[in-house]
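First up is the structure itself, then whatever we jot down about it.
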Amino acid sequence: MVRLREFSQRYFRRPFNLNVALDQGQGGKTVLLLHGLASNGLIWADLARRLSTKNYRVLAYDLLGFGGSAKPHWSKYSVEDHARSVVYSLKKSGATFPITLVGHSMGCLVAIHIASKHPNLVERVILYEPPLFADIPEFSSHVRRRKVYFSVFERIVESPTMILTYVRLLGRAATKIAGFALSKETWLPFERSLRNTIMNQTAYQELHRLQVRTDIVYGRFDIVVTQTEIKSMFADNKNIHFYRVTDTHGVSKKSSEYLAQLVMGKKAPARKARVAYVTRKRDNKRTRKV
């Protein structure tokens, strides 16, 4: 039976039923949380706790190749591979559609792909620190930054021994800082996901086509992804809204609180603070003129 299932998954591309890291709350609305590269669904524990008490059912999966989910050695770990297993698992979960889809880092790219391919399943997308890399000549600063990041990514995938040694030495710090959990077992999914989902991505075109509300949130001190010219690149899609929080690359308690407010439709505190700062600055200018 196991061999038959493996045969159908490998040669007929039958999707995998992903490991459920979190399933909390009994609300009528479903929120699905997708983690980033070399991480797992448990990074969302604080956000899930906050939302599950506010009439939401909160689901978080371990993406294909990570956490407790299957790690097939034949998979390309492309965004399509990740998305197909997420949709398959979601439909088996008894979720209430349409859902709110929240992604972090690479999980954002999977979320974008799902919303693009299955618009009937998704009513809103929240992207926290998405690694958006597009090779668009008119955005020259973005393209230059993209080349720098891709050069670093290439060095990473070509140095498994060194990277795994660094992760082992960092220990809990790597997980605490960025939810990073990398091992020999997850190296292949990590390498292929980096190449085939992040570096060879479809997000630029898909984001332009999205017709649902899409909130993009970046950490002010996030150096893992580039934010250069991102607003300009998507200025023509009025469904996309941008926010910024004072955080690094990772789902911290601070960012969980912010994202919970955003999911519930309340005014996001970091955006509110930013507006207040700009207002005070303008008021000071008026005072000096008087």
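All residue names refer to the structure tokens as shown: chains lettered A, B, ... in order, residues numbered from 1 in each chain, ligands numbered from 1 in order.
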
With segment 181-193 of chain A as the partner and 7 Å as the cut-off, tabulate the residues of segment 31-90 of chain A that qualify, each row holding the nearest pair of atoms and their distance in Å to one decimal, using only C-alpha atoms, sorted by chain and rising number, as JSON lines.
```
{"residue": "A:Leu37", "atom": "CA", "partner": "A:Phe190", "partner_atom": "CA", "distance": 6.6}
{"residue": "A:Ala38", "atom": "CA", "partner": "A:Ala181", "partner_atom": "CA", "distance": 5.5}
{"residue": "A:Ser39", "atom": "CA", "partner": "A:Ala181", "partner_atom": "CA", "distance": 5.3}
{"residue": "A:Gly65", "atom": "CA", "partner": "A:Pro189", "partner_atom": "CA", "distance": 5.1}
{"residue": "A:Phe66", "atom": "CA", "partner": "A:Thr186", "partner_atom": "CA", "distance": 6.3}
{"residue": "A:Lys71", "atom": "CA", "partner": "A:Pro189", "partner_atom": "CA", "distance": 7.0}
{"residue": "A:Lys76", "atom": "CA", "partner": "A:Arg192", "partner_atom": "CA", "distance": 6.1}
{"residue": "A:Tyr77", "atom": "CA", "partner": "A:Ser193", "partner_atom": "CA", "distance": 5.0}
{"residue": "A:Ser78", "atom": "CA", "partner": "A:Ser193", "partner_atom": "CA", "distance": 6.1}
```

- Task: Find the spatial neighbours of segment 248-252 of chain A, counting only C-alpha atoms, within a cut-off of 10 Å - ignore same-chain residues fewer than 2 positions away - and output them as a PyMOL selection string.
- Result: chain A and resi 35-36+43-47+104-105+128-130+175-180+218-225+245-246+254-259

Keeping only N, CA, C and O atoms, write the selected residues as a tab-separated table (two decimals), in the first residue's frame.
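Contents of the output file out-v7.tsv:
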```tsv
chain	number	residue	atom	x	y	z
A	35	HIS	N	4.70	28.77	6.70
A	35	HIS	CA	6.01	29.18	7.19
A	35	HIS	C	7.01	29.38	6.05
A	35	HIS	O	6.73	29.08	4.88
A	36	GLY	N	8.20	29.84	6.41
A	36	GLY	CA	9.24	30.11	5.44
A	36	GLY	C	10.20	28.96	5.24
A	36	GLY	O	10.01	27.86	5.77
A	43	ILE	N	6.32	27.93	14.19
A	43	ILE	CA	6.72	29.33	14.35
A	43	ILE	C	5.51	30.24	14.54
A	43	ILE	O	5.64	31.36	15.03
A	44	TRP	N	4.31	29.73	14.17
A	44	TRP	CA	3.10	30.53	14.24
A	44	TRP	C	2.35	30.37	15.56
A	44	TRP	O	1.22	30.86	15.69
A	45	ALA	N	2.94	29.71	16.54
A	45	ALA	CA	2.22	29.37	17.77
A	45	ALA	C	1.60	30.60	18.45
A	45	ALA	O	0.45	30.57	18.88
A	46	ASP	N	2.35	31.69	18.54
A	46	ASP	CA	1.83	32.87	19.23
A	46	ASP	C	0.69	33.52	18.45
A	46	ASP	O	-0.32	33.91	19.03
A	47	LEU	N	0.84	33.63	17.14
A	47	LEU	CA	-0.23	34.21	16.31
A	47	LEU	C	-1.47	33.33	16.35
A	47	LEU	O	-2.60	33.84	16.45
A	104	HIS	N	4.84	33.63	5.55
A	104	HIS	CA	6.08	34.29	5.96
A	104	HIS	C	7.19	33.84	5.03
A	104	HIS	O	7.34	32.65	4.74
A	105	SER	N	7.97	34.79	4.52
A	105	SER	CA	9.13	34.51	3.67
A	105	SER	C	8.72	33.61	2.51
A	105	SER	O	7.83	33.96	1.74
A	128	TYR	N	4.02	38.38	4.93
A	128	TYR	CA	4.95	38.95	5.88
A	128	TYR	C	6.38	38.66	5.44
A	128	TYR	O	6.80	37.51	5.39
A	129	GLU	N	7.09	39.70	5.08
A	129	GLU	CA	8.49	39.63	4.64
A	129	GLU	C	8.68	38.72	3.43
A	129	GLU	O	9.49	37.78	3.45
A	130	PRO	N	7.94	38.97	2.34
A	130	PRO	CA	8.06	38.11	1.15
A	130	PRO	C	9.37	38.35	0.40
A	130	PRO	O	9.78	39.50	0.20
A	175	THR	N	17.01	28.98	15.48
A	175	THR	CA	15.55	28.81	15.50
A	175	THR	C	14.86	30.01	16.12
A	175	THR	O	13.82	30.47	15.63
A	176	LYS	N	15.45	30.55	17.18
A	176	LYS	CA	14.84	31.68	17.87
A	176	LYS	C	14.86	32.94	17.02
A	176	LYS	O	13.89	33.70	16.99
A	177	ILE	N	15.96	33.17	16.30
A	177	ILE	CA	16.10	34.40	15.52
A	177	ILE	C	15.22	34.39	14.28
A	177	ILE	O	14.53	35.36	13.98
A	178	ALA	N	15.22	33.30	13.53
A	178	ALA	CA	14.49	33.30	12.26
A	178	ALA	C	13.65	32.05	12.03
A	178	ALA	O	13.20	31.80	10.93
A	179	GLY	N	13.41	31.27	13.08
A	179	GLY	CA	12.64	30.05	12.91
A	179	GLY	C	13.35	29.03	12.04
A	179	GLY	O	12.74	28.20	11.38
A	180	PHE	N	14.68	29.09	12.03
A	180	PHE	CA	15.50	28.30	11.12
A	180	PHE	C	15.79	26.94	11.74
A	180	PHE	O	16.38	26.86	12.82
A	218	TYR	N	6.68	44.37	5.77
A	218	TYR	CA	8.12	44.15	5.86
A	218	TYR	C	8.64	44.58	7.22
A	218	TYR	O	8.13	45.54	7.81
A	219	GLY	N	9.68	43.89	7.68
A	219	GLY	CA	10.37	44.30	8.90
A	219	GLY	C	11.38	45.39	8.55
A	219	GLY	O	12.11	45.27	7.57
A	220	ARG	N	11.40	46.41	9.34
A	220	ARG	CA	12.29	47.55	9.07
A	220	ARG	C	13.77	47.13	9.05
A	220	ARG	O	14.57	47.69	8.32
A	221	PHE	N	14.13	46.14	9.86
A	221	PHE	CA	15.51	45.71	9.97
A	221	PHE	C	15.75	44.34	9.35
A	221	PHE	O	16.68	43.63	9.71
A	222	ASP	N	14.92	43.98	8.41
A	222	ASP	CA	15.03	42.69	7.73
A	222	ASP	C	16.06	42.80	6.60
A	222	ASP	O	15.85	43.52	5.62
A	223	ILE	N	17.18	42.08	6.73
A	223	ILE	CA	18.20	42.10	5.68
A	223	ILE	C	18.22	40.80	4.88
A	223	ILE	O	19.04	40.63	3.98
A	224	VAL	N	17.31	39.89	5.18
A	224	VAL	CA	17.27	38.61	4.48
A	224	VAL	C	16.62	38.74	3.11
A	224	VAL	O	16.94	38.01	2.18
A	225	VAL	N	15.68	39.69	2.97
A	225	VAL	CA	15.02	39.93	1.69
A	225	VAL	C	15.20	41.39	1.29
A	225	VAL	O	15.43	42.26	2.14
A	245	VAL	N	6.89	47.11	9.95
A	245	VAL	CA	7.00	46.95	11.40
A	245	VAL	C	8.48	47.04	11.79
A	245	VAL	O	9.36	46.80	10.96
A	246	THR	N	8.72	47.38	13.02
A	246	THR	CA	10.09	47.46	13.51
A	246	THR	C	10.52	46.08	13.97
A	246	THR	O	10.37	45.72	15.14
A	254	LYS	N	6.26	40.33	18.71
A	254	LYS	CA	5.87	41.67	18.25
A	254	LYS	C	5.17	41.59	16.89
A	254	LYS	O	4.11	42.17	16.69
A	255	SER	N	5.76	40.84	15.96
A	255	SER	CA	5.15	40.72	14.64
A	255	SER	C	3.86	39.90	14.70
A	255	SER	O	2.91	40.17	13.94
A	256	SER	N	3.77	38.94	15.62
A	256	SER	CA	2.54	38.16	15.77
A	256	SER	C	1.39	39.04	16.22
A	256	SER	O	0.26	38.92	15.74
A	257	GLU	N	1.68	39.94	17.16
A	257	GLU	CA	0.65	40.88	17.62
A	257	GLU	C	0.19	41.77	16.47
A	257	GLU	O	-1.01	42.01	16.29
A	258	TYR	N	1.14	42.25	15.69
A	258	TYR	CA	0.82	43.12	14.57
A	258	TYR	C	-0.02	42.37	13.53
A	258	TYR	O	-1.04	42.88	13.05
A	259	LEU	N	0.39	41.15	13.18
A	259	LEU	CA	-0.33	40.38	12.18
A	259	LEU	C	-1.73	40.01	12.66
A	259	LEU	O	-2.68	39.97	11.86
```

- Excluding same-chain residues fewer than 2 positions from Asn55 of chain A, what lies within 10 Å of it counting only C-alpha atoms, as a ChimeraX atom specification? /A:25-30,51-53,57-58,264

Writing out the chosen residues with C-alpha atoms as a compact mmCIF listing (two decimals), in the first residue's frame:
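And here's out_23.txt as it stands now:
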```
# COMPACT_ATOMS: atom_id res chain seq x y z
CA GLY A 25 -9.97 27.54 17.47
CA GLN A 26 -13.54 26.71 16.53
CA GLY A 27 -14.51 29.89 14.70
CA GLY A 28 -16.40 30.16 11.44
CA LYS A 29 -13.48 31.81 9.62
CA THR A 30 -10.35 29.88 8.68
CA LEU A 51 -6.47 34.46 16.66
CA SER A 52 -8.02 31.23 17.97
CA THR A 53 -9.62 33.17 20.84
CA ARG A 57 -10.00 28.51 13.20
CA VAL A 58 -6.23 28.65 12.68
CA MET A 264 -8.88 41.03 12.43
```

- Identify which of the residues A:Ser85, A:Gln9, A:Gln205, A:Thr214 lies closest to Ile126 of chain A, counting only C-alpha atoms when measuring atom-to-atom distances.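 Of all the options, A:Thr214 lies closest to Ile126 of chain A.
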
- Could you give me the residues within segment 25-257 of chain A that DSSP places in helix (DSSP H, G or I), as an NGL selection string? :A and (41-52 or 79-92 or 106-117 or 140-157 or 160-170 or 172-178 or 184-199 or 203-209 or 230-233 or 253-257)

- What's the 9 Å shell around Pro15 of chain A, counting only C-alpha atoms, without same-chain residues fewer than 4 positions away, as a VMD selection string? chain A and resid 9 81 to 82 84 to 89

- Message: One decimal, in Å: what's the spacing between atom CA of Phe97 of chain A and atom CA of Glu123 of chain A?
- Response: 8.3 Å

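The coordinates place atom CA of His113 of chain A at 22.6 Å from atom CA of Asp23 of chain A.
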
- Message: At a cut-off of 10 Å, using only C-alpha atoms, what residues contact Thr202 of chain A? Leave out same-chain residues fewer than 5 positions from it and give the result as a list in words.
- Response: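 Within the cut-off, the hits are Val79, Glu80, Leu109, Val110, Ile112, His113, Leu132, Phe133, Ala134, Thr197 and Leu207 of chain A.
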
Could you name the residues that touch segment 144-151 of chain A at 12 Å or less, counting only C-alpha atoms, but leaving out those on the same chain fewer than 5 positions away, as a PDB file with all heavy atoms, in the first residue's frame?
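Full text of part37.pdb as output:
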```pdb
ATOM      1  N   PRO A 131      10.046  37.288  -0.045  1.00  0.00           N
ATOM      2  CA  PRO A 131      11.269  37.430  -0.836  1.00  0.00           C
ATOM      3  C   PRO A 131      10.931  37.622  -2.317  1.00  0.00           C
ATOM      4  O   PRO A 131      11.024  36.691  -3.118  1.00  0.00           O
ATOM      5  CB  PRO A 131      11.988  36.091  -0.592  1.00  0.00           C
ATOM      6  CG  PRO A 131      10.863  35.120  -0.383  1.00  0.00           C
ATOM      7  CD  PRO A 131       9.747  35.887   0.273  1.00  0.00           C
ATOM      8  N   LEU A 132      10.521  38.825  -2.688  1.00  0.00           N
ATOM      9  CA  LEU A 132      10.114  39.109  -4.062  1.00  0.00           C
ATOM     10  C   LEU A 132      11.329  39.521  -4.882  1.00  0.00           C
ATOM     11  O   LEU A 132      11.950  40.543  -4.617  1.00  0.00           O
ATOM     12  CB  LEU A 132       9.053  40.217  -4.070  1.00  0.00           C
ATOM     13  CG  LEU A 132       7.758  39.893  -3.306  1.00  0.00           C
ATOM     14  CD1 LEU A 132       6.862  41.114  -3.237  1.00  0.00           C
ATOM     15  CD2 LEU A 132       7.034  38.717  -3.964  1.00  0.00           C
ATOM     16  N   PHE A 133      11.647  38.711  -5.882  1.00  0.00           N
ATOM     17  CA  PHE A 133      12.797  38.984  -6.744  1.00  0.00           C
ATOM     18  C   PHE A 133      12.349  38.898  -8.197  1.00  0.00           C
ATOM     19  O   PHE A 133      12.035  37.812  -8.686  1.00  0.00           O
ATOM     20  CB  PHE A 133      13.908  37.957  -6.497  1.00  0.00           C
ATOM     21  CG  PHE A 133      14.475  37.993  -5.107  1.00  0.00           C
ATOM     22  CD1 PHE A 133      14.154  36.989  -4.193  1.00  0.00           C
ATOM     23  CD2 PHE A 133      15.327  39.004  -4.705  1.00  0.00           C
ATOM     24  CE1 PHE A 133      14.685  37.003  -2.911  1.00  0.00           C
ATOM     25  CE2 PHE A 133      15.857  39.032  -3.423  1.00  0.00           C
ATOM     26  CZ  PHE A 133      15.535  38.024  -2.535  1.00  0.00           C
ATOM     27  N   ALA A 134      12.307  40.034  -8.862  1.00  0.00           N
ATOM     28  CA  ALA A 134      11.897  40.058 -10.264  1.00  0.00           C
ATOM     29  C   ALA A 134      13.000  40.658 -11.126  1.00  0.00           C
ATOM     30  O   ALA A 134      13.650  41.616 -10.726  1.00  0.00           O
ATOM     31  CB  ALA A 134      10.606  40.873 -10.426  1.00  0.00           C
ATOM     32  N   ASP A 135      13.210  40.081 -12.294  1.00  0.00           N
ATOM     33  CA  ASP A 135      14.226  40.584 -13.222  1.00  0.00           C
ATOM     34  C   ASP A 135      13.548  41.523 -14.219  1.00  0.00           C
ATOM     35  O   ASP A 135      13.300  41.164 -15.371  1.00  0.00           O
ATOM     36  CB  ASP A 135      14.890  39.399 -13.936  1.00  0.00           C
ATOM     37  CG  ASP A 135      16.125  39.831 -14.724  1.00  0.00           C
ATOM     38  OD1 ASP A 135      16.539  40.996 -14.577  1.00  0.00           O
ATOM     39  OD2 ASP A 135      16.652  39.002 -15.485  1.00  0.00           O
ATOM     40  N   ILE A 136      13.240  42.740 -13.753  1.00  0.00           N
ATOM     41  CA  ILE A 136      12.529  43.729 -14.562  1.00  0.00           C
ATOM     42  C   ILE A 136      13.457  44.914 -14.800  1.00  0.00           C
ATOM     43  O   ILE A 136      13.769  45.663 -13.858  1.00  0.00           O
ATOM     44  CB  ILE A 136      11.241  44.209 -13.851  1.00  0.00           C
ATOM     45  CG1 ILE A 136      10.405  43.010 -13.388  1.00  0.00           C
ATOM     46  CG2 ILE A 136      10.423  45.110 -14.770  1.00  0.00           C
ATOM     47  CD1 ILE A 136       9.899  42.127 -14.479  1.00  0.00           C
ATOM     48  N   PRO A 137      13.954  45.116 -16.027  1.00  0.00           N
ATOM     49  CA  PRO A 137      14.977  46.138 -16.309  1.00  0.00           C
ATOM     50  C   PRO A 137      14.630  47.545 -15.836  1.00  0.00           C
ATOM     51  O   PRO A 137      15.529  48.285 -15.415  1.00  0.00           O
ATOM     52  CB  PRO A 137      15.095  46.087 -17.839  1.00  0.00           C
ATOM     53  CG  PRO A 137      14.683  44.699 -18.197  1.00  0.00           C
ATOM     54  CD  PRO A 137      13.599  44.345 -17.228  1.00  0.00           C
ATOM     55  N   GLU A 138      13.350  47.927 -15.905  1.00  0.00           N
ATOM     56  CA  GLU A 138      13.008  49.301 -15.520  1.00  0.00           C
ATOM     57  C   GLU A 138      13.178  49.576 -14.025  1.00  0.00           C
ATOM     58  O   GLU A 138      13.216  50.728 -13.599  1.00  0.00           O
ATOM     59  CB  GLU A 138      11.568  49.654 -15.936  1.00  0.00           C
ATOM     60  CG  GLU A 138      10.500  48.704 -15.452  1.00  0.00           C
ATOM     61  CD  GLU A 138      10.132  47.675 -16.494  1.00  0.00           C
ATOM     62  OE1 GLU A 138      11.058  47.167 -17.158  1.00  0.00           O
ATOM     63  OE2 GLU A 138       8.932  47.376 -16.631  1.00  0.00           O
ATOM     64  N   PHE A 139      13.287  48.514 -13.238  1.00  0.00           N
ATOM     65  CA  PHE A 139      13.557  48.674 -11.804  1.00  0.00           C
ATOM     66  C   PHE A 139      15.015  48.274 -11.551  1.00  0.00           C
ATOM     67  O   PHE A 139      15.304  47.218 -10.988  1.00  0.00           O
ATOM     68  CB  PHE A 139      12.589  47.835 -10.975  1.00  0.00           C
ATOM     69  CG  PHE A 139      11.147  48.206 -11.192  1.00  0.00           C
ATOM     70  CD1 PHE A 139      10.307  47.395 -11.946  1.00  0.00           C
ATOM     71  CD2 PHE A 139      10.638  49.390 -10.672  1.00  0.00           C
ATOM     72  CE1 PHE A 139       8.982  47.733 -12.163  1.00  0.00           C
ATOM     73  CE2 PHE A 139       9.312  49.740 -10.880  1.00  0.00           C
ATOM     74  CZ  PHE A 139       8.482  48.917 -11.630  1.00  0.00           C
ATOM     75  N   ILE A 156      25.443  29.590  -0.769  1.00  0.00           N
ATOM     76  CA  ILE A 156      24.831  28.788   0.299  1.00  0.00           C
ATOM     77  C   ILE A 156      24.579  27.363  -0.178  1.00  0.00           C
ATOM     78  O   ILE A 156      24.968  26.392   0.486  1.00  0.00           O
ATOM     79  CB  ILE A 156      23.525  29.438   0.793  1.00  0.00           C
ATOM     80  CG1 ILE A 156      23.842  30.711   1.582  1.00  0.00           C
ATOM     81  CG2 ILE A 156      22.720  28.459   1.643  1.00  0.00           C
ATOM     82  CD1 ILE A 156      22.618  31.511   1.980  1.00  0.00           C
ATOM     83  N   VAL A 157      23.915  27.216  -1.328  1.00  0.00           N
ATOM     84  CA  VAL A 157      23.548  25.867  -1.785  1.00  0.00           C
ATOM     85  C   VAL A 157      24.773  25.052  -2.216  1.00  0.00           C
ATOM     86  O   VAL A 157      24.707  23.814  -2.276  1.00  0.00           O
ATOM     87  CB  VAL A 157      22.521  25.928  -2.946  1.00  0.00           C
ATOM     88  CG1 VAL A 157      21.229  26.564  -2.466  1.00  0.00           C
ATOM     89  CG2 VAL A 157      23.068  26.678  -4.152  1.00  0.00           C
ATOM     90  N   GLU A 158      25.868  25.734  -2.507  1.00  0.00           N
ATOM     91  CA  GLU A 158      27.086  25.023  -2.890  1.00  0.00           C
ATOM     92  C   GLU A 158      27.958  24.648  -1.686  1.00  0.00           C
ATOM     93  O   GLU A 158      29.006  24.016  -1.858  1.00  0.00           O
ATOM     94  CB  GLU A 158      27.899  25.885  -3.860  1.00  0.00           C
ATOM     95  CG  GLU A 158      27.243  26.050  -5.236  1.00  0.00           C
ATOM     96  CD  GLU A 158      27.954  27.072  -6.088  1.00  0.00           C
ATOM     97  OE1 GLU A 158      28.968  27.646  -5.608  1.00  0.00           O
ATOM     98  OE2 GLU A 158      27.512  27.301  -7.231  1.00  0.00           O
ATOM     99  N   LEU A 194      14.975  26.633  -2.315  1.00  0.00           N
ATOM    100  CA  LEU A 194      15.676  27.894  -2.546  1.00  0.00           C
ATOM    101  C   LEU A 194      15.840  28.148  -4.034  1.00  0.00           C
ATOM    102  O   LEU A 194      15.573  29.252  -4.531  1.00  0.00           O
ATOM    103  CB  LEU A 194      17.037  27.871  -1.848  1.00  0.00           C
ATOM    104  CG  LEU A 194      17.894  29.138  -1.952  1.00  0.00           C
ATOM    105  CD1 LEU A 194      17.143  30.356  -1.428  1.00  0.00           C
ATOM    106  CD2 LEU A 194      19.211  28.960  -1.204  1.00  0.00           C
ATOM    107  N   ARG A 195      16.251  27.124  -4.770  1.00  0.00           N
ATOM    108  CA  ARG A 195      16.459  27.286  -6.210  1.00  0.00           C
ATOM    109  C   ARG A 195      15.145  27.400  -6.982  1.00  0.00           C
ATOM    110  O   ARG A 195      14.980  28.292  -7.827  1.00  0.00           O
ATOM    111  CB  ARG A 195      17.251  26.095  -6.762  1.00  0.00           C
ATOM    112  CG  ARG A 195      18.718  26.061  -6.368  1.00  0.00           C
ATOM    113  CD  ARG A 195      19.436  24.990  -7.173  1.00  0.00           C
ATOM    114  NE  ARG A 195      20.831  24.858  -6.806  1.00  0.00           N
ATOM    115  CZ  ARG A 195      21.809  25.649  -7.239  1.00  0.00           C
ATOM    116  NH1 ARG A 195      21.517  26.655  -8.048  1.00  0.00           N
ATOM    117  NH2 ARG A 195      23.060  25.447  -6.867  1.00  0.00           N
ATOM    118  N   ILE A 198      12.183  30.086  -4.640  1.00  0.00           N
ATOM    119  CA  ILE A 198      12.592  31.464  -4.364  1.00  0.00           C
ATOM    120  C   ILE A 198      13.339  32.091  -5.542  1.00  0.00           C
ATOM    121  O   ILE A 198      12.996  33.182  -6.008  1.00  0.00           O
ATOM    122  CB  ILE A 198      13.444  31.535  -3.083  1.00  0.00           C
ATOM    123  CG1 ILE A 198      12.598  31.134  -1.871  1.00  0.00           C
ATOM    124  CG2 ILE A 198      14.025  32.941  -2.892  1.00  0.00           C
ATOM    125  CD1 ILE A 198      13.344  31.116  -0.556  1.00  0.00           C
ATOM    126  N   MET A 199      14.357  31.396  -6.054  1.00  0.00           N
ATOM    127  CA  MET A 199      15.169  31.982  -7.126  1.00  0.00           C
ATOM    128  C   MET A 199      14.477  31.903  -8.489  1.00  0.00           C
ATOM    129  O   MET A 199      14.655  32.774  -9.340  1.00  0.00           O
ATOM    130  CB  MET A 199      16.538  31.293  -7.175  1.00  0.00           C
ATOM    131  CG  MET A 199      17.357  31.490  -5.912  1.00  0.00           C
ATOM    132  SD  MET A 199      18.945  30.606  -5.924  1.00  0.00           S
ATOM    133  CE  MET A 199      19.841  31.555  -7.164  1.00  0.00           C
ATOM    134  N   ASN A 200      13.696  30.864  -8.698  1.00  0.00           N
ATOM    135  CA  ASN A 200      12.952  30.719  -9.948  1.00  0.00           C
ATOM    136  C   ASN A 200      11.468  30.894  -9.639  1.00  0.00           C
ATOM    137  O   ASN A 200      10.690  29.950  -9.643  1.00  0.00           O
ATOM    138  CB  ASN A 200      13.221  29.344 -10.572  1.00  0.00           C
ATOM    139  CG  ASN A 200      12.546  29.169 -11.911  1.00  0.00           C
ATOM    140  OD1 ASN A 200      12.263  30.140 -12.607  1.00  0.00           O
ATOM    141  ND2 ASN A 200      12.263  27.931 -12.265  1.00  0.00           N
ATOM    142  N   ILE A 223      17.183  42.080   6.726  1.00  0.00           N
ATOM    143  CA  ILE A 223      18.205  42.105   5.683  1.00  0.00           C
ATOM    144  C   ILE A 223      18.220  40.800   4.881  1.00  0.00           C
ATOM    145  O   ILE A 223      19.041  40.626   3.983  1.00  0.00           O
ATOM    146  CB  ILE A 223      19.607  42.353   6.281  1.00  0.00           C
ATOM    147  CG1 ILE A 223      19.976  41.234   7.263  1.00  0.00           C
ATOM    148  CG2 ILE A 223      19.684  43.714   6.952  1.00  0.00           C
ATOM    149  CD1 ILE A 223      21.417  41.292   7.733  1.00  0.00           C
ATOM    150  N   VAL A 224      17.312  39.890   5.181  1.00  0.00           N
ATOM    151  CA  VAL A 224      17.266  38.608   4.484  1.00  0.00           C
ATOM    152  C   VAL A 224      16.617  38.743   3.112  1.00  0.00           C
ATOM    153  O   VAL A 224      16.938  38.013   2.177  1.00  0.00           O
ATOM    154  CB  VAL A 224      16.514  37.562   5.334  1.00  0.00           C
ATOM    155  CG1 VAL A 224      16.389  36.229   4.602  1.00  0.00           C
ATOM    156  CG2 VAL A 224      17.239  37.355   6.663  1.00  0.00           C
ATOM    157  N   VAL A 225      15.682  39.693   2.970  1.00  0.00           N
ATOM    158  CA  VAL A 225      15.021  39.929   1.687  1.00  0.00           C
ATOM    159  C   VAL A 225      15.198  41.391   1.292  1.00  0.00           C
ATOM    160  O   VAL A 225      15.428  42.256   2.139  1.00  0.00           O
ATOM    161  CB  VAL A 225      13.516  39.585   1.754  1.00  0.00           C
ATOM    162  CG1 VAL A 225      13.314  38.112   2.084  1.00  0.00           C
ATOM    163  CG2 VAL A 225      12.792  40.445   2.780  1.00  0.00           C
ATOM    164  N   THR A 226      15.088  41.668   0.003  1.00  0.00           N
ATOM    165  CA  THR A 226      15.218  43.040  -0.461  1.00  0.00           C
ATOM    166  C   THR A 226      13.861  43.724  -0.536  1.00  0.00           C
ATOM    167  O   THR A 226      12.867  43.107  -0.931  1.00  0.00           O
ATOM    168  CB  THR A 226      15.902  43.108  -1.840  1.00  0.00           C
ATOM    169  OG1 THR A 226      15.988  44.472  -2.255  1.00  0.00           O
ATOM    170  CG2 THR A 226      15.139  42.316  -2.892  1.00  0.00           C
ATOM    171  N   GLN A 227      13.835  44.992  -0.155  1.00  0.00           N
ATOM    172  CA  GLN A 227      12.607  45.786  -0.216  1.00  0.00           C
ATOM    173  C   GLN A 227      12.709  46.898  -1.266  1.00  0.00           C
ATOM    174  O   GLN A 227      11.778  47.681  -1.443  1.00  0.00           O
ATOM    175  CB  GLN A 227      12.320  46.398   1.157  1.00  0.00           C
ATOM    176  CG  GLN A 227      12.255  45.371   2.279  1.00  0.00           C
ATOM    177  CD  GLN A 227      12.148  45.995   3.661  1.00  0.00           C
ATOM    178  OE1 GLN A 227      11.486  47.011   3.832  1.00  0.00           O
ATOM    179  NE2 GLN A 227      12.802  45.404   4.646  1.00  0.00           N
ATOM    180  N   THR A 228      13.835  46.939  -1.979  1.00  0.00           N
ATOM    181  CA  THR A 228      14.113  48.002  -2.935  1.00  0.00           C
ATOM    182  C   THR A 228      13.101  48.026  -4.074  1.00  0.00           C
ATOM    183  O   THR A 228      12.902  47.028  -4.774  1.00  0.00           O
ATOM    184  CB  THR A 228      15.525  47.823  -3.527  1.00  0.00           C
ATOM    185  OG1 THR A 228      16.464  47.764  -2.459  1.00  0.00           O
ATOM    186  CG2 THR A 228      15.878  48.975  -4.441  1.00  0.00           C
ATOM    187  N   GLU A 229      12.424  49.160  -4.241  1.00  0.00           N
ATOM    188  CA  GLU A 229      11.484  49.440  -5.332  1.00  0.00           C
ATOM    189  C   GLU A 229      10.248  48.538  -5.347  1.00  0.00           C
ATOM    190  O   GLU A 229       9.511  48.503  -6.336  1.00  0.00           O
ATOM    191  CB  GLU A 229      12.189  49.358  -6.693  1.00  0.00           C
ATOM    192  CG  GLU A 229      13.265  50.416  -6.880  1.00  0.00           C
ATOM    193  CD  GLU A 229      13.824  50.444  -8.289  1.00  0.00           C
ATOM    194  OE1 GLU A 229      14.356  49.410  -8.722  1.00  0.00           O
ATOM    195  OE2 GLU A 229      13.727  51.494  -8.943  1.00  0.00           O
ATOM    196  N   ILE A 230      10.002  47.819  -4.257  1.00  0.00           N
ATOM    197  CA  ILE A 230       8.852  46.901  -4.224  1.00  0.00           C
ATOM    198  C   ILE A 230       7.534  47.661  -4.387  1.00  0.00           C
ATOM    199  O   ILE A 230       6.654  47.243  -5.152  1.00  0.00           O
ATOM    200  CB  ILE A 230       8.839  46.079  -2.915  1.00  0.00           C
ATOM    201  CG1 ILE A 230      10.039  45.134  -2.870  1.00  0.00           C
ATOM    202  CG2 ILE A 230       7.539  45.300  -2.786  1.00  0.00           C
ATOM    203  CD1 ILE A 230      10.034  44.056  -3.914  1.00  0.00           C
TER     204      ILE A 230
END
```
